[in-house]
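Engineer: Provided herewith: work.pdb, PDB, C-alpha atoms.
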```pdb
ATOM      1  CA  MET A   1    -116.544 -59.406 147.804
ATOM      2  CA  ASP A   2    -113.272 -57.811 148.831
ATOM      3  CA  VAL A   3    -110.665 -57.527 146.048
ATOM      4  CA  LEU A   4    -107.908 -59.341 147.880
ATOM      5  CA  GLU A   5    -110.285 -62.069 148.982
ATOM      6  CA  ALA A   6    -111.426 -62.453 145.361
ATOM      7  CA  ILE A   7    -107.845 -62.642 144.120
ATOM      8  CA  PHE A   8    -106.898 -65.335 146.655
ATOM      9  CA  THR A   9    -110.075 -67.409 146.470
ATOM     10  CA  ARG A  10    -110.690 -67.350 142.687
ATOM     11  CA  ARG A  11    -110.133 -70.790 141.192
ATOM     12  CA  SER A  12    -109.965 -72.239 137.702
ATOM     13  CA  VAL A  13    -113.140 -74.298 137.644
ATOM     14  CA  ARG A  14    -113.758 -77.246 135.332
ATOM     15  CA  ARG A  15    -117.155 -78.474 136.550
ATOM     16  CA  TYR A  16    -120.298 -76.367 136.345
ATOM     17  CA  GLU A  17    -123.861 -76.650 137.578
ATOM     18  CA  ARG A  18    -126.571 -77.116 134.963
ATOM     19  CA  ARG A  19    -128.013 -73.791 135.946
ATOM     20  CA  TYR A  20    -128.903 -70.888 133.679
ATOM     21  CA  VAL A  21    -126.610 -67.837 133.755
ATOM     22  CA  SER A  22    -128.612 -64.719 132.980
ATOM     23  CA  ASP A  23    -127.725 -62.274 130.210
ATOM     24  CA  GLU A  24    -127.504 -59.639 132.931
ATOM     25  CA  LEU A  25    -124.676 -61.528 134.683
ATOM     26  CA  VAL A  26    -122.901 -62.098 131.368
ATOM     27  CA  ARG A  27    -123.133 -58.371 130.671
ATOM     28  CA  LYS A  28    -121.671 -57.599 134.114
ATOM     29  CA  VAL A  29    -118.599 -59.759 133.629
ATOM     30  CA  LEU A  30    -118.034 -58.301 130.162
ATOM     31  CA  GLU A  31    -118.318 -54.755 131.540
ATOM     32  CA  ALA A  32    -115.631 -55.686 134.062
ATOM     33  CA  ALA A  33    -113.471 -57.130 131.297
ATOM     34  CA  ILE A  34    -113.429 -53.935 129.232
ATOM     35  CA  TYR A  35    -112.299 -51.877 132.205
ATOM     36  CA  ALA A  36    -108.886 -53.472 131.897
ATOM     37  CA  PRO A  37    -106.139 -51.135 130.742
ATOM     38  CA  SER A  38    -104.744 -51.492 127.228
ATOM     39  CA  SER A  39    -101.724 -50.104 125.480
ATOM     40  CA  LYS A  40    -102.636 -46.634 124.133
ATOM     41  CA  ASN A  41    -106.222 -47.469 125.159
ATOM     42  CA  ALA A  42    -106.534 -49.427 121.897
ATOM     43  CA  GLN A  43    -109.009 -51.860 123.509
ATOM     44  CA  PRO A  44    -108.049 -54.610 121.071
ATOM     45  CA  TRP A  45    -110.753 -56.985 122.327
ATOM     46  CA  GLU A  46    -114.082 -58.398 121.213
ATOM     47  CA  PHE A  47    -116.264 -61.094 122.751
ATOM     48  CA  ILE A  48    -118.617 -63.765 121.474
ATOM     49  CA  VAL A  49    -121.198 -65.070 123.948
ATOM     50  CA  ILE A  50    -122.047 -68.654 123.057
ATOM     51  CA  ARG A  51    -124.975 -70.640 124.395
ATOM     52  CA  ASN A  52    -125.564 -72.894 121.387
ATOM     53  CA  LYS A  53    -125.106 -76.509 122.420
ATOM     54  CA  GLU A  54    -123.631 -77.641 119.133
ATOM     55  CA  THR A  55    -121.062 -74.849 119.049
ATOM     56  CA  LYS A  56    -119.968 -75.671 122.590
ATOM     57  CA  GLU A  57    -119.689 -79.329 121.622
ATOM     58  CA  ARG A  58    -117.486 -78.492 118.643
ATOM     59  CA  LEU A  59    -115.279 -76.215 120.768
ATOM     60  CA  ALA A  60    -114.893 -78.982 123.339
ATOM     61  CA  GLU A  61    -113.686 -81.294 120.575
ATOM     62  CA  LEU A  62    -111.043 -78.741 119.538
ATOM     63  CA  ALA A  63    -109.647 -78.277 123.065
ATOM     64  CA  PRO A  64    -107.826 -81.352 124.419
ATOM     65  CA  TYR A  65    -107.969 -80.023 127.993
ATOM     66  CA  GLY A  66    -111.306 -78.276 127.587
ATOM     67  CA  LYS A  67    -113.786 -81.108 127.269
ATOM     68  CA  PHE A  68    -115.829 -79.468 130.005
ATOM     69  CA  LEU A  69    -116.684 -76.585 127.625
ATOM     70  CA  ARG A  70    -119.694 -78.627 126.552
ATOM     71  CA  GLU A  71    -121.127 -78.530 130.093
ATOM     72  CA  ALA A  72    -120.791 -74.826 130.748
ATOM     73  CA  PRO A  73    -124.055 -72.917 130.255
ATOM     74  CA  VAL A  74    -122.145 -70.077 128.569
ATOM     75  CA  VAL A  75    -118.845 -69.927 126.723
ATOM     76  CA  ILE A  76    -117.220 -66.574 126.020
ATOM     77  CA  ALA A  77    -114.756 -66.436 123.136
ATOM     78  CA  VAL A  78    -112.197 -63.660 123.527
ATOM     79  CA  VAL A  79    -110.978 -62.255 120.220
ATOM     80  CA  THR A  80    -108.086 -59.807 119.949
ATOM     81  CA  ASP A  81    -107.010 -57.632 117.049
ATOM     82  CA  PRO A  82    -103.324 -57.578 116.094
ATOM     83  CA  ALA A  83    -104.022 -54.590 113.796
ATOM     84  CA  LYS A  84    -105.155 -52.490 116.771
ATOM     85  CA  SER A  85    -102.145 -53.381 118.896
ATOM     86  CA  PRO A  86     -99.486 -55.480 117.155
ATOM     87  CA  ARG A  87     -97.256 -55.933 120.197
ATOM     88  CA  PHE A  88     -99.791 -55.996 123.015
ATOM     89  CA  HIS A  89    -103.149 -57.332 121.819
ATOM     90  CA  GLU A  90    -102.780 -60.624 123.716
ATOM     91  CA  VAL A  91    -101.395 -59.008 126.849
ATOM     92  CA  ASP A  92    -104.262 -56.511 126.882
ATOM     93  CA  GLY A  93    -106.752 -59.285 126.237
ATOM     94  CA  ALA A  94    -105.303 -61.241 129.153
ATOM     95  CA  CYS A  95    -105.839 -58.300 131.515
ATOM     96  CA  ALA A  96    -109.461 -58.167 130.372
ATOM     97  CA  VAL A  97    -109.836 -61.907 131.034
ATOM     98  CA  GLN A  98    -108.425 -61.528 134.537
ATOM     99  CA  ASN A  99    -110.934 -58.770 135.290
ATOM    100  CA  LEU A 100    -113.664 -61.018 133.906
ATOM    101  CA  ALA A 101    -112.553 -63.948 136.060
ATOM    102  CA  LEU A 102    -112.488 -61.883 139.247
ATOM    103  CA  ALA A 103    -115.859 -60.292 138.516
ATOM    104  CA  ALA A 104    -117.339 -63.719 137.771
ATOM    105  CA  HIS A 105    -116.030 -65.017 141.091
ATOM    106  CA  ALA A 106    -117.509 -62.052 142.957
ATOM    107  CA  LEU A 107    -120.882 -62.761 141.310
ATOM    108  CA  GLY A 108    -120.846 -66.422 142.369
ATOM    109  CA  LEU A 109    -119.709 -67.683 138.959
ATOM    110  CA  ALA A 110    -116.444 -69.209 137.774
ATOM    111  CA  THR A 111    -114.407 -69.672 134.648
ATOM    112  CA  CYS A 112    -111.164 -71.200 133.401
ATOM    113  CA  TRP A 113    -108.652 -70.274 130.691
ATOM    114  CA  ILE A 114    -108.700 -72.639 127.760
ATOM    115  CA  GLY A 115    -105.375 -72.030 126.109
ATOM    116  CA  THR A 116    -104.458 -75.189 124.249
ATOM    117  CA  MET A 117    -106.880 -75.456 121.371
ATOM    118  CA  ASP A 118    -107.000 -75.844 117.619
ATOM    119  CA  ARG A 119    -107.565 -72.133 117.116
ATOM    120  CA  GLU A 120    -107.457 -72.164 113.358
ATOM    121  CA  ALA A 121    -110.339 -74.630 113.340
ATOM    122  CA  ALA A 122    -112.232 -72.762 116.049
ATOM    123  CA  LYS A 123    -112.088 -69.412 114.244
ATOM    124  CA  PRO A 124    -114.250 -70.333 111.217
ATOM    125  CA  LEU A 125    -116.633 -72.193 113.535
ATOM    126  CA  LEU A 126    -117.214 -68.909 115.380
ATOM    127  CA  GLY A 127    -117.071 -66.731 112.277
ATOM    128  CA  VAL A 128    -113.883 -65.031 113.486
ATOM    129  CA  PRO A 129    -112.099 -63.320 110.575
ATOM    130  CA  PRO A 130    -108.720 -64.854 109.694
ATOM    131  CA  GLU A 131    -106.841 -61.668 110.581
ATOM    132  CA  ARG A 132    -108.225 -61.619 114.139
ATOM    133  CA  ASN A 133    -106.726 -63.673 116.980
ATOM    134  CA  LEU A 134    -108.723 -66.083 119.115
ATOM    135  CA  LEU A 135    -107.102 -65.611 122.521
ATOM    136  CA  THR A 136    -109.160 -68.068 124.546
ATOM    137  CA  VAL A 137    -112.615 -69.527 125.026
ATOM    138  CA  LEU A 138    -113.871 -69.219 128.579
ATOM    139  CA  PRO A 139    -116.565 -71.415 130.081
ATOM    140  CA  LEU A 140    -118.788 -69.435 132.443
ATOM    141  CA  GLY A 141    -121.134 -70.921 134.972
ATOM    142  CA  TYR A 142    -121.949 -71.650 138.588
ATOM    143  CA  PRO A 143    -119.119 -73.777 139.980
ATOM    144  CA  ALA A 144    -119.891 -77.412 140.826
ATOM    145  CA  GLU A 145    -116.493 -77.974 142.394
ATOM    146  CA  ARG A 146    -114.245 -76.125 144.793
ATOM    147  CA  PRO A 147    -110.627 -76.794 143.792
ATOM    148  CA  PRO A 148    -108.052 -76.484 146.591
ATOM    149  CA  ARG A 149    -105.714 -73.535 146.859
ATOM    150  CA  PRO A 150    -103.196 -74.148 144.080
ATOM    151  CA  TRP A 151     -99.479 -74.446 144.681
ATOM    152  CA  ARG A 152     -97.446 -71.309 144.168
ATOM    153  CA  ARG A 153     -93.688 -70.849 144.155
ATOM    154  CA  PRO A 154     -93.031 -68.573 147.154
ATOM    155  CA  LEU A 155     -92.004 -64.965 146.669
ATOM    156  CA  SER A 156     -88.701 -65.766 148.376
ATOM    157  CA  GLU A 157     -87.771 -67.714 145.219
ATOM    158  CA  ILE A 158     -89.075 -65.386 142.532
ATOM    159  CA  ALA A 159     -88.876 -61.825 143.847
ATOM    160  CA  TYR A 160     -85.562 -60.026 143.747
ATOM    161  CA  SER A 161     -84.240 -56.747 145.077
ATOM    162  CA  GLU A 162     -82.741 -54.163 142.707
ATOM    163  CA  LYS A 163     -81.254 -56.731 140.286
ATOM    164  CA  TYR A 164     -82.363 -60.063 138.904
ATOM    165  CA  GLY A 165     -81.230 -62.876 141.217
ATOM    166  CA  LEU A 166     -80.403 -60.622 144.198
ATOM    167  CA  ARG A 167     -82.333 -61.167 147.415
TER     168      ARG A 167
ATOM    169  CA  MET B   1    -112.631 -52.537 148.625
ATOM    170  CA  ASP B   2    -115.248 -54.412 146.599
ATOM    171  CA  VAL B   3    -113.931 -56.246 143.518
ATOM    172  CA  LEU B   4    -116.256 -54.609 141.018
ATOM    173  CA  GLU B   5    -115.611 -51.198 142.522
ATOM    174  CA  ALA B   6    -111.876 -51.853 142.251
ATOM    175  CA  ILE B   7    -112.187 -52.940 138.626
ATOM    176  CA  PHE B   8    -114.176 -49.834 137.657
ATOM    177  CA  THR B   9    -112.234 -47.255 139.678
ATOM    178  CA  ARG B  10    -108.683 -48.483 139.040
ATOM    179  CA  ARG B  11    -106.771 -46.001 136.904
ATOM    180  CA  SER B  12    -103.425 -45.963 135.139
ATOM    181  CA  VAL B  13    -101.587 -43.361 137.216
ATOM    182  CA  ARG B  14     -98.588 -41.334 135.999
ATOM    183  CA  ARG B  15     -98.013 -39.004 138.966
ATOM    184  CA  TYR B  16     -97.025 -40.272 142.401
ATOM    185  CA  GLU B  17     -96.602 -38.758 145.838
ATOM    186  CA  ARG B  18     -93.083 -38.613 147.236
ATOM    187  CA  ARG B  19     -94.137 -40.970 149.971
ATOM    188  CA  TYR B  20     -92.450 -44.186 151.054
ATOM    189  CA  VAL B  21     -94.163 -47.436 150.120
ATOM    190  CA  SER B  22     -93.406 -50.088 152.739
ATOM    191  CA  ASP B  23     -91.887 -53.477 151.934
ATOM    192  CA  GLU B  24     -95.008 -54.961 153.509
ATOM    193  CA  LEU B  25     -97.245 -53.304 150.902
ATOM    194  CA  VAL B  26     -94.918 -54.351 148.103
ATOM    195  CA  ARG B  27     -95.077 -57.909 149.392
ATOM    196  CA  LYS B  28     -98.892 -57.763 149.434
ATOM    197  CA  VAL B  29     -99.208 -56.680 145.819
ATOM    198  CA  LEU B  30     -96.733 -59.351 144.730
ATOM    199  CA  GLU B  31     -98.662 -62.030 146.647
ATOM    200  CA  ALA B  32    -101.762 -60.915 144.764
ATOM    201  CA  ALA B  33     -99.855 -61.084 141.469
ATOM    202  CA  ILE B  34     -98.808 -64.703 141.897
ATOM    203  CA  TYR B  35    -102.383 -65.819 142.559
ATOM    204  CA  ALA B  36    -103.115 -65.262 138.883
ATOM    205  CA  PRO B  37    -103.762 -68.429 136.895
ATOM    206  CA  SER B  38    -101.153 -69.647 134.437
ATOM    207  CA  SER B  39    -101.148 -72.222 131.689
ATOM    208  CA  LYS B  40    -100.417 -75.622 133.285
ATOM    209  CA  ASN B  41     -99.657 -73.695 136.490
ATOM    210  CA  ALA B  42     -96.179 -72.973 135.072
ATOM    211  CA  GLN B  43     -96.036 -69.633 136.936
ATOM    212  CA  PRO B  44     -93.642 -68.205 134.336
ATOM    213  CA  TRP B  45     -93.088 -64.965 136.273
ATOM    214  CA  GLU B  46     -90.408 -63.304 138.390
ATOM    215  CA  PHE B  47     -90.256 -59.817 139.857
ATOM    216  CA  ILE B  48     -87.545 -57.296 140.600
ATOM    217  CA  VAL B  49     -88.360 -54.654 143.202
ATOM    218  CA  ILE B  50     -86.397 -51.497 142.433
ATOM    219  CA  ARG B  51     -85.926 -48.552 144.764
ATOM    220  CA  ASN B  52     -82.505 -47.413 143.535
ATOM    221  CA  LYS B  53     -82.754 -43.865 142.211
ATOM    222  CA  GLU B  54     -80.201 -44.321 139.472
ATOM    223  CA  THR B  55     -81.820 -47.503 138.137
ATOM    224  CA  LYS B  56     -85.202 -45.782 138.001
ATOM    225  CA  GLU B  57     -83.613 -42.849 136.182
ATOM    226  CA  ARG B  58     -82.068 -45.156 133.593
ATOM    227  CA  LEU B  59     -85.369 -47.010 133.110
ATOM    228  CA  ALA B  60     -87.147 -43.689 132.613
ATOM    229  CA  GLU B  61     -84.655 -42.838 129.865
ATOM    230  CA  LEU B  62     -85.418 -46.123 128.094
ATOM    231  CA  ALA B  63     -89.212 -45.625 128.142
ATOM    232  CA  PRO B  64     -90.429 -42.803 125.880
ATOM    233  CA  TYR B  65     -93.840 -42.703 127.613
ATOM    234  CA  GLY B  66     -92.519 -43.669 131.031
ATOM    235  CA  LYS B  67     -90.575 -40.608 132.128
ATOM    236  CA  PHE B  68     -92.546 -40.708 135.393
ATOM    237  CA  LEU B  69     -90.767 -43.934 136.377
ATOM    238  CA  ARG B  70     -88.119 -41.757 137.981
ATOM    239  CA  GLU B  71     -90.663 -40.286 140.395
ATOM    240  CA  ALA B  72     -92.251 -43.513 141.597
ATOM    241  CA  PRO B  73     -90.945 -44.669 144.993
ATOM    242  CA  VAL B  74     -90.893 -48.265 143.763
ATOM    243  CA  VAL B  75     -90.627 -49.806 140.320
ATOM    244  CA  ILE B  76     -91.473 -53.480 139.818
ATOM    245  CA  ALA B  77     -89.958 -55.178 136.789
ATOM    246  CA  VAL B  78     -91.992 -58.164 135.626
ATOM    247  CA  VAL B  79     -89.895 -60.877 134.000
ATOM    248  CA  THR B  80     -91.412 -63.863 132.188
ATOM    249  CA  ASP B  81     -89.809 -67.093 131.099
ATOM    250  CA  PRO B  82     -90.475 -68.344 127.551
ATOM    251  CA  ALA B  83     -88.854 -71.672 128.486
ATOM    252  CA  LYS B  84     -91.503 -72.281 131.159
ATOM    253  CA  SER B  85     -94.421 -71.439 128.858
ATOM    254  CA  PRO B  86     -93.473 -70.786 125.232
ATOM    255  CA  ARG B  87     -96.954 -69.799 124.058
ATOM    256  CA  PHE B  88     -98.404 -68.180 127.166
ATOM    257  CA  HIS B  89     -95.658 -66.605 129.286
ATOM    258  CA  GLU B  90     -96.704 -63.044 128.417
ATOM    259  CA  VAL B  91    -100.416 -63.749 128.742
ATOM    260  CA  ASP B  92     -99.862 -65.320 132.161
ATOM    261  CA  GLY B  93     -97.625 -62.443 133.200
ATOM    262  CA  ALA B  94    -100.341 -60.005 132.153
ATOM    263  CA  CYS B  95    -102.882 -61.737 134.401
ATOM    264  CA  ALA B  96    -100.430 -61.389 137.276
ATOM    265  CA  VAL B  97    -100.003 -57.690 136.520
ATOM    266  CA  GLN B  98    -103.766 -57.132 136.504
ATOM    267  CA  ASN B  99    -104.035 -58.797 139.920
ATOM    268  CA  LEU B 100    -101.176 -56.608 141.120
ATOM    269  CA  ALA B 101    -102.844 -53.445 139.793
ATOM    270  CA  LEU B 102    -106.176 -54.236 141.459
ATOM    271  CA  ALA B 103    -104.515 -55.138 144.757
ATOM    272  CA  ALA B 104    -102.470 -51.944 144.629
ATOM    273  CA  HIS B 105    -105.619 -49.909 144.078
ATOM    274  CA  ALA B 106    -107.352 -51.608 147.002
ATOM    275  CA  LEU B 107    -104.353 -50.749 149.208
ATOM    276  CA  GLY B 108    -104.440 -47.060 148.241
ATOM    277  CA  LEU B 109    -101.617 -47.382 145.725
ATOM    278  CA  ALA B 110    -101.544 -47.161 141.941
ATOM    279  CA  THR B 111     -99.497 -48.313 139.002
ATOM    280  CA  CYS B 112     -99.366 -48.110 135.209
ATOM    281  CA  TRP B 113     -98.229 -50.480 132.457
ATOM    282  CA  ILE B 114     -95.070 -49.341 130.736
ATOM    283  CA  GLY B 115     -95.112 -51.241 127.484
ATOM    284  CA  THR B 116     -93.101 -49.228 124.989
ATOM    285  CA  MET B 117     -89.510 -49.457 126.145
ATOM    286  CA  ASP B 118     -86.060 -50.356 124.912
ATOM    287  CA  ARG B 119     -86.265 -53.770 126.543
ATOM    288  CA  GLU B 120     -82.991 -55.072 125.249
ATOM    289  CA  ALA B 121     -81.203 -52.181 126.953
ATOM    290  CA  ALA B 122     -83.258 -52.494 130.120
ATOM    291  CA  LYS B 123     -82.513 -56.193 130.595
ATOM    292  CA  PRO B 124     -78.745 -55.927 131.227
ATOM    293  CA  LEU B 125     -79.374 -52.865 133.411
ATOM    294  CA  LEU B 126     -81.544 -55.066 135.643
ATOM    295  CA  GLY B 127     -79.359 -58.146 135.293
ATOM    296  CA  VAL B 128     -82.120 -60.017 133.457
ATOM    297  CA  PRO B 129     -80.686 -63.010 131.560
ATOM    298  CA  PRO B 130     -80.941 -62.707 127.768
ATOM    299  CA  GLU B 131     -83.229 -65.724 127.502
ATOM    300  CA  ARG B 132     -85.800 -64.215 129.846
ATOM    301  CA  ASN B 133     -88.442 -61.724 128.710
ATOM    302  CA  LEU B 134     -88.951 -58.323 130.319
ATOM    303  CA  LEU B 135     -92.730 -57.930 130.114
ATOM    304  CA  THR B 136     -93.101 -54.516 131.725
ATOM    305  CA  VAL B 137     -91.774 -52.217 134.420
ATOM    306  CA  LEU B 138     -94.470 -50.974 136.760
ATOM    307  CA  PRO B 139     -94.180 -47.825 138.855
ATOM    308  CA  LEU B 140     -95.830 -48.277 142.238
ATOM    309  CA  GLY B 141     -96.753 -45.495 144.611
ATOM    310  CA  TYR B 142     -99.447 -43.396 146.204
ATOM    311  CA  PRO B 143    -101.336 -41.637 143.402
ATOM    312  CA  ALA B 144    -100.907 -37.863 143.090
ATOM    313  CA  GLU B 145    -103.561 -37.583 140.393
ATOM    314  CA  ARG B 146    -107.041 -38.938 139.814
ATOM    315  CA  PRO B 147    -107.458 -39.528 136.075
ATOM    316  CA  PRO B 148    -111.049 -39.437 134.796
ATOM    317  CA  ARG B 149    -112.917 -42.586 133.844
ATOM    318  CA  PRO B 150    -111.360 -43.583 130.529
ATOM    319  CA  TRP B 151    -113.353 -43.957 127.322
ATOM    320  CA  ARG B 152    -114.445 -47.465 126.449
ATOM    321  CA  ARG B 153    -116.076 -48.797 123.310
ATOM    322  CA  PRO B 154    -119.523 -49.955 124.468
ATOM    323  CA  LEU B 155    -120.358 -53.649 124.647
ATOM    324  CA  SER B 156    -123.028 -53.093 121.991
ATOM    325  CA  GLU B 157    -120.160 -52.631 119.514
ATOM    326  CA  ILE B 158    -117.798 -55.394 120.620
ATOM    327  CA  ALA B 159    -119.877 -58.202 122.103
ATOM    328  CA  TYR B 160    -121.557 -60.652 119.766
ATOM    329  CA  SER B 161    -124.024 -63.476 120.158
ATOM    330  CA  GLU B 162    -123.173 -66.998 118.975
ATOM    331  CA  LYS B 163    -121.048 -65.854 116.010
ATOM    332  CA  TYR B 164    -118.574 -63.048 115.404
ATOM    333  CA  GLY B 165    -120.417 -59.951 114.135
ATOM    334  CA  LEU B 166    -123.919 -61.139 115.145
ATOM    335  CA  ARG B 167    -125.832 -59.057 117.685
TER     336      ARG B 167
END
```
Take the structure I supplied and represent it as structure tokens, if you would.
Structural biologist:
Amino acid sequence: MDVLEAIFTRRSVRRYERRYVSDELVRKVLEAAIYAPSSKNAQPWEFIVIRNKETKERLAELAPYGKFLREAPVVIAVVTDPAKSPRFHEVDGACAVQNLALAAHALGLATCWIGTMDREAAKPLLGVPPERNLLTVLPLGYPAERPPRPWRRPLSEIAYSEKYGLR
Amino acid sequence: MDVLEAIFTRRSVRRYERRYVSDELVRKVLEAAIYAPSSKNAQPWEFIVIRNKETKERLAELAPYGKFLREAPVVIAVVTDPAKSPRFHEVDGACAVQNLALAAHALGLATCWIGTMDREAAKPLLGVPPERNLLTVLPLGYPAERPPRPWRRPLSEIAYSEKYGLR
């Protein structure tokens, strides 16, 4: 799939088919993730691939807008390390997630950021050390919905020339 | 260009050709940027497109590892709004930047995150209001170097199964 097509047709998907996602596909999206850039190439990211039904259920309970986590065949927890990159660990992790999302889309899969979540409860559930940061948990699966193109503020409102506010 | 190819061959580029980058290409990479997802679709991002030589020179002085900003034909400042998304404005902005970087690469251009910078000095220079956040300034141009594939920690070291640390 063409890059620009992938960027414009990727969607945040909240309904997934009950269809197995192979380890090989999971590995491919993770390989894409780690090719994101990171400040000083610190690569402050780690990933937990979750298939356990009970763990997914518990995560769904901790995410008020992520109830659909329980239906995704795979959930990928993205962990970042503030010690490796105090200022940029989340920003670098986000770039990795965007690579992952685009790669997933190109492979016929879909995902969705789960941001709002009781992270401090989710960390011990996943065995994440207290000093690490749980950036997001991402459902991964074959999409069972096709959300419409989302609204975007046009560039004419948010892109300036030379100085902030100048058009 | 194929998505996965773009993800794996994109590089952070620090040398640019002295070649004009059209407004049309700039518009294309910004359109790609704003198709990133954002928490609650808040779209907490704005962009300043800078071609002014003196502004680029001043930005280069404020970025210890970004001296090459002065040589890029275009610099794009990425501004995020903590009021729109207190927890996620930088994470959402980072997703937009990764889209921008991949689109640039597909269009024959290149960019590079400039993270370390005297932001509080750069903001008034660009007219950015104090309450907004300057996430990064991105040089944009035709690459005049082809950096090698960067080192990555292998997935075998950073991807776990079911629980953090388990392989």
Engineer: Take the ChimeraX specification (/B :<8) & /A, run it mentally on this structure, and tell me the resulting residues as a VMD selection string.
Structural biologist: chain A and resid 1 to 4 6 to 8 12 30 to 32 34 to 37 39 43 45 to 52 90 to 92 94 to 95 97 to 99 102 to 103 106 113 115 126 to 128 152 to 153 155 158 to 165
Engineer: Which residues would end up in the selection if the PyMOL selection byres ((chain A and resi 13) around 9) were applied here, given that I need the answer as a ChimeraX atom specification?
Structural biologist: /A:10-12,14-16,110-112,139,143-147
Engineer: Take the residues from that selection and write them out as a tab-separated table (two decimals), in the coordinates of the input, keeping C-alpha atoms.
Structural biologist:
```
chain	number	residue	atom	x	y	z
A	10	ARG	CA	-110.69	-67.35	142.69
A	11	ARG	CA	-110.13	-70.79	141.19
A	12	SER	CA	-109.96	-72.24	137.70
A	14	ARG	CA	-113.76	-77.25	135.33
A	15	ARG	CA	-117.16	-78.47	136.55
A	16	TYR	CA	-120.30	-76.37	136.34
A	110	ALA	CA	-116.44	-69.21	137.77
A	111	THR	CA	-114.41	-69.67	134.65
A	112	CYS	CA	-111.16	-71.20	133.40
A	139	PRO	CA	-116.56	-71.42	130.08
A	143	PRO	CA	-119.12	-73.78	139.98
A	144	ALA	CA	-119.89	-77.41	140.83
A	145	GLU	CA	-116.49	-77.97	142.39
A	146	ARG	CA	-114.24	-76.12	144.79
A	147	PRO	CA	-110.63	-76.79	143.79
```
Engineer: For atom CA of B:Pro82 and atom CA of B:Glu131, quote the distance in Å rounded to one decimal.
Structural biologist: 7.7 Å
Engineer: What is the atom CA of B:Tyr20 to atom CA of B:Lys53 distance in Å?
Structural biologist: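 Between atom CA of B:Tyr20 and atom CA of B:Lys53 the gap works out to 13.1 Å.
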Engineer: Residue by residue, what does the PyMOL selection byres ((chain A and resi 119) around 9) grab here? Present the result as a VMD selection string.
Structural biologist: chain A and resid 62 to 63 116 to 118 120 to 123 133 to 136
Engineer: Give me, please, the distance in Å between atom CA of B:Gly108 and atom CA of B:Tyr65, quoted to one decimal.
Structural biologist: 23.6 Å
Engineer: Axis-aligned box over every listed atom of stretch 50-62 of chain A, padded by 3 Å per side: centre and edges in Å to one decimal, as lines of an AutoDock Vina configuration file?
Structural biologist:
```
center_x = -118.3
center_y = -75.0
center_z = 121.5
size_x = 20.5
size_y = 18.6
size_z = 11.8
```
Engineer: Looking at all atoms listed in the file, which of B:Glu24, B:Ser85, B:Val137, B:Glu17 is the one that sits closest to B:Ala72?
Structural biologist: B:Glu17
